[in-house]
Amino acid sequence: MSFQDHTVKTEYRSLIDNVVQKFYVPLLKEAVSYKRAVGFFSSSSLIEISKGIADLACRGGRIQIVASPYLSDDDIEAIKKGYADRDEIIEAALLGQLSDEQTDYYSMERLNLLANLIATGILDIKIAYTEDARGIGMYHEKMGIIEDAEGNKVAFSGSMNESSTAMSLNYETIDVFRSWHDKSETERVQLKENAFCSIWNDCEPSIRVLEFPQITNALIEKYRKKAPNFNIDQEQFPPRKERMQLTATSATTHDVVGARIPPDITLHDYQKQAISVWVGENYRGIFDMATGTGKTFTGLGAISKISEDLNDELAVIIVCPYQHLVEQWVDDIVKFNIQPIIGYSSSSQKDWKKRLSKAVRDQKLRSEKSFFCFICTNATFTSTFVQEQIGKIKSQTLLVVDEAHNFGARSYARLLDERFTYRLALSATLERHRDEEGTAILYSFFGKKCIEYSLERAIEEEKLTPYKYHPILVYLNDEELEKYEQLSYEISRHVIKGKSGKVKLDSYGKILAIQRSRIVAAAALKLTRLKEVITPYEDEHFLLVYCGATNVLSLNADNSDVDEGDIKQIEAVTRMLGNELKMKVSKFTAEENIEERNAIKQHFKDGDDLQAIVAIKCLDEGVNIPGIRTAFILASSTNPKEYIQRRGRVLRKSPETGKEFAEIYDFITLPRPLDEVSGLTEEQMRRELSLVKNELTRVSEFGRLSMNSMEASKLIWEICDCYGLPYDLNDNKKEEPYGDIEI
């Protein structure tokens with residue numbers, strides 16, 4: 001067959017077309033020559049170039065690649081000033097791009113294939129850069145020319161996936177020109193080929209092209225491990241089956257065993273762009289999206305895209321922290337033509353283990369049911385049974401982790417390995433609080449952010465409601481303050497220096513810090529102030545009172561625990577609202593099962609027989625209660641991840657309840673009344689500053705996006721004056737003797 005026997009379009013877009021299967025693979029299968037300029041040189045760009053070349057290589061065709069070194073500003077400056085030999089600097093930059101991070105099966109097979117093709121002379125690589133009187137620069141052009149045995153040529157410009165670091169808004173489009181069509185296309189093909197030949201032979205003005213035999217030798221030495229696998233394209237992108245000859249619209253008929261975006265759901269442009277970038281990163285990346293902006297639908301859209309691209313030869317593993325989050329996902333998953341296996345301790349699918357074993361076995365046998373989706377809690381994911389089943393999966397696997405910041409912890413991070421060819425992390429706040437190492441693990445495994453959709457942008461674009469913010473100042477009573485000061489003194493004696501050189505608390509110091517945080521969370525004055533500020537709302541509906549929470553999810557638990565102090569506070573709040581103010585109120589805690597929680601949420605949404613919910617942890621666990629109009633937050637979190645998520649969940653839009661804006665009453669806890677601060681000793685002042693600064697940071701963050709920002713600013717100025725702090729809170733760390741450690 002020749003190129004003319006194929007349908008070759010003039011444009012391909014990654015979200016619409018499977019460019020590898022519809023463009024590269026079919027054309028390169030018939031080709032005898034492939035010339036490509038790819039932008040930056042890196043191991044990831046080489047992996048993308050390899051897609052489709054196996055058949056061409058088998059026939060002894062020729063492949064020519066031109067790439068540019070990624071030079072840092074320091075490299076360019078060193079060359080300009082003659083600090084070192086130009087070729088040595090370029091060579092070092094090229095070697096630095098040969099990464100060891102690509103450890104999954106398909107990436108390593110492709111790198112091995114390329115190394116073998118270089119060794120046998122089928123593939124040549126040259127390095128290009130720009131150079132003129134102003135100095136040296138990088139050659140960015142992305143184009144290619146493919147030729148078949150009959151002399152038909154296809155030229156294209158733009159590129160799909162040529163670099164893990166190159167992410168531009170138009171990367172997902174390539175323009176195509178065919179030599180056998182009209183004159184204008186023929187001329188464009190000739191111009192592209194002339195340009196490539198000129199560059200390849202180092203005849204293009206201002207572009208220098210060099211060969212670096214040291215680099216090709218390094219490629220061979222680093223990646224050539226065995227004989228080349230010329231079936232890699234068929235393995236990773238199996239031929240489309242007859243059962244898949246369906247349009248996206250008809251995909252919901254269940255004739256397709258795989259994920260599809262249903263016709264009644266239209267993704268926003270920012271969701272489509274996130275998916276496109278993720279596809280361009282070889283189906284790896286992070287969706288960093290504010291709560292309420294459609295993170296789950298974006299994730300399911302990504303699953304649908306890769307499922308269709310891989311002809312549904314795919315295993316999907318979705319992991320969520322809690323049982324109710326799994327159920328929230330399932331409600332949406334089934335809309336995308338997926339019948340998930342639901343795994344956790346009290347799953348409605350009592351035989352979920354049998355279902356998972358059968359799905360893994362069926363996929364291994366390449367049966368018609370080769371696609372399956374397993375969704376589970378973090379705890380279930382870590383179980384021996386589930387890990388054994390995942391280890392038995394031999395075909396391509398996509399790991400999707402919701403609230404992915406949790407997986408930066410070592411107990412979870414140890415399970416992030418090369419078994420998962422494709423990866424997607426979802427989180428509103430990926431960066432782990434005071435855990436740079438854990439955050440780095442997440443980026444190393446999942447890849448770059450494919451979208452960063454902030455809460456500020458979500459409010460501006462009306463995906464979340466605007467809000468008013470009211471900081472309510474409370475203090476510790478005499479007994480609480482005495483305990484707080486004693487614990488602060490003891491904590492200061494348990495500061496140690498970690499391996500990185502940074503100071504931290506030892507194990508006992510961390511226990512003391514938790515005890516001190518509970519004193520702040522349960523401050524008695526909060527109840528008095530709550531009654532004052534909530535009384536004007538006693539006839540209102542859609543109220544949330546959010547109480548303190550001091551525990552984190554245990555590794556082997558599907559539900560979060562609550563502390564005895566938390567229970568005392570929530571019971572006191574419930575009695576006050578129900579008995580003293582005669583409001584219709586319900587608790588919302590781990591004591592209520594999923595069915596009871598759903599009933600509470602429905603009554604709350606109806607707005608007839610339930611005015612307020614008194615809750616612990618629901619805003620941290622991802623519970624979706626969009627009807628909340630007014631929130632009273634008693635919990636005093638110092639973790640930005642937690643309080644940013646809490647705010648986002650209060651701001652969910654709710655057309656059913658007519659919520660035009662939300663109101664947040666945030667209880668700001670200080671050690672003592674402000675008029676007593678001037679009498680503190682320097683040592684007392686130092687011990688109080690960590691709490692004061694943490695509270696100020698939250699007030700600043702909540703206040704800056706609020707409709708009434710001056711209310712927060714006024715309180716910040718008042719507190720800073722009393723404690724002698726700069727109004728610019730970013731300068732606070734300069735005065736903290738122990739950096740980020742709370743003393």
# chains A, B, ... in the order shown; residues from 1 in each chain; ligands from 1
>>> residues_around(residues="A:Glu571", least_positions_apart="6", cutoff="12 Å", atoms="only C-alpha atoms", output="VMD selection string")
chain A and resid 527 545 547 to 548 564 to 565 577 to 579 585 to 589 614 to 616
>>> residues_around(residues="A:Thr296", least_positions_apart="6", cutoff="12 Å", atoms="only C-alpha atoms", output="ChimeraX atom specification")
/A:267,271,287-290,302-303,318,320,325-326,328-333,335-336,400-403,424-428,622,624
>>> select_by_dssp(residues="stretch 285-423 of chain A", states="strand (DSSP E or B)", output="JSON, numbers by chain")
{"A": [285, 286, 287, 288, 289, 315, 316, 317, 318, 319, 320, 341, 342, 343, 372, 373, 374, 375, 376, 377, 397, 398, 399, 400, 401, 402, 422, 423]}
>>> closest_residue(among="A:Arg224, A:Val8, A:Arg410, A:Pro536", to="A:Lys153", atoms="only C-alpha atoms")
A:Val8
>>> residues_around(residues="A:Gly39", least_positions_apart="5", cutoff="6 Å", atoms="only C-alpha atoms", output="JSON, numbers by chain")
{"A": [67, 68, 140, 141, 142]}
>>> write_last_selection(atoms="C-alpha atoms", output="short mmCIF file (atom, residue, chain, number, x, y, z; two decimals), in the first residue's frame")
data_model
loop_
_atom_site.label_atom_id
_atom_site.label_comp_id
_atom_site.auth_asym_id
_atom_site.auth_seq_id
_atom_site.Cartn_x
_atom_site.Cartn_y
_atom_site.Cartn_z
CA ALA A 67 17.10 18.01 17.94
CA SER A 68 18.21 20.97 20.01
CA HIS A 140 12.78 25.07 18.25
CA GLU A 141 11.32 24.08 14.88
CA LYS A 142 9.05 21.01 14.91
#
>>> closest_residue(among="A:Glu431, A:Asp17, A:Asp606, A:Glu595", to="A:Ile174", atoms="only C-alpha atoms")
A:Asp17
>>> residues_around(residues="stretch 111-120 of chain A", least_positions_apart="2", cutoff="10 Å", atoms="only C-alpha atoms", output="PyMOL selection string")
chain A and resi 43-44+46-50+53-54+57-58+60+62-63+102+106-109+122-125+216-230+232
>>> atom_distance(atom1="atom CA of A:Arg86", atom2="atom CA of A:Phe40")
17.6 Å
>>> residues_around(residues="A:Arg59", least_positions_apart="2", cutoff="10 Å", atoms="only C-alpha atoms", output="number ranges by chain")
A: 29-32, 54-57, 61-62
>>> write_last_selection(atoms="C-alpha atoms", output="mmCIF file, in the first residue's frame")
data_model
loop_
_atom_site.group_PDB
_atom_site.id
_atom_site.type_symbol
_atom_site.label_atom_id
_atom_site.label_comp_id
_atom_site.auth_asym_id
_atom_site.auth_seq_id
_atom_site.Cartn_x
_atom_site.Cartn_y
_atom_site.Cartn_z
ATOM 1 C CA LYS A 29 4.193 1.358 8.410
ATOM 2 C CA GLU A 30 4.384 2.073 4.645
ATOM 3 C CA ALA A 31 7.370 4.456 4.796
ATOM 4 C CA VAL A 32 10.962 4.083 3.663
ATOM 5 C CA ALA A 54 9.084 -0.298 14.176
ATOM 6 C CA ASP A 55 7.767 -1.429 10.764
ATOM 7 C CA LEU A 56 9.862 1.195 8.981
ATOM 8 C CA ALA A 57 12.943 -0.048 10.814
ATOM 9 C CA GLY A 61 14.198 2.363 6.145
ATOM 10 C CA ARG A 62 16.160 5.465 7.119
#
>>> atom_distance(atom1="atom CA of A:Thr130", atom2="atom CA of A:Glu204")
9.8 Å
>>> residues_around(residues="stretch 379-390 of chain A", least_positions_apart="2", cutoff="9 Å", atoms="only C-alpha atoms", output="list in words")
Ile317, Val319, Pro321, Tyr322, Gly343, Tyr344, Ser345, Lys353, Leu356, Ser357, Val360, Ile375, Cys376, Thr377, Lys392, Ile393, Lys394, Thr397, Ser411, Tyr412, Leu415, Arg419, Ser554, Leu555, Asn556, Ala557 and Asp558 of chain A
>>> atom_distance(atom1="atom CA of A:Arg178", atom2="atom CA of A:Gly144")
12.1 Å
>>> residues_around(residues="A:Tyr643", least_positions_apart="4", cutoff="12 Å", atoms="only C-alpha atoms", output="ChimeraX atom specification")
/A:291,428-429,433,546,548-549,617,619-620,633-639,647-650,664,666,694-695,697-699,701-702
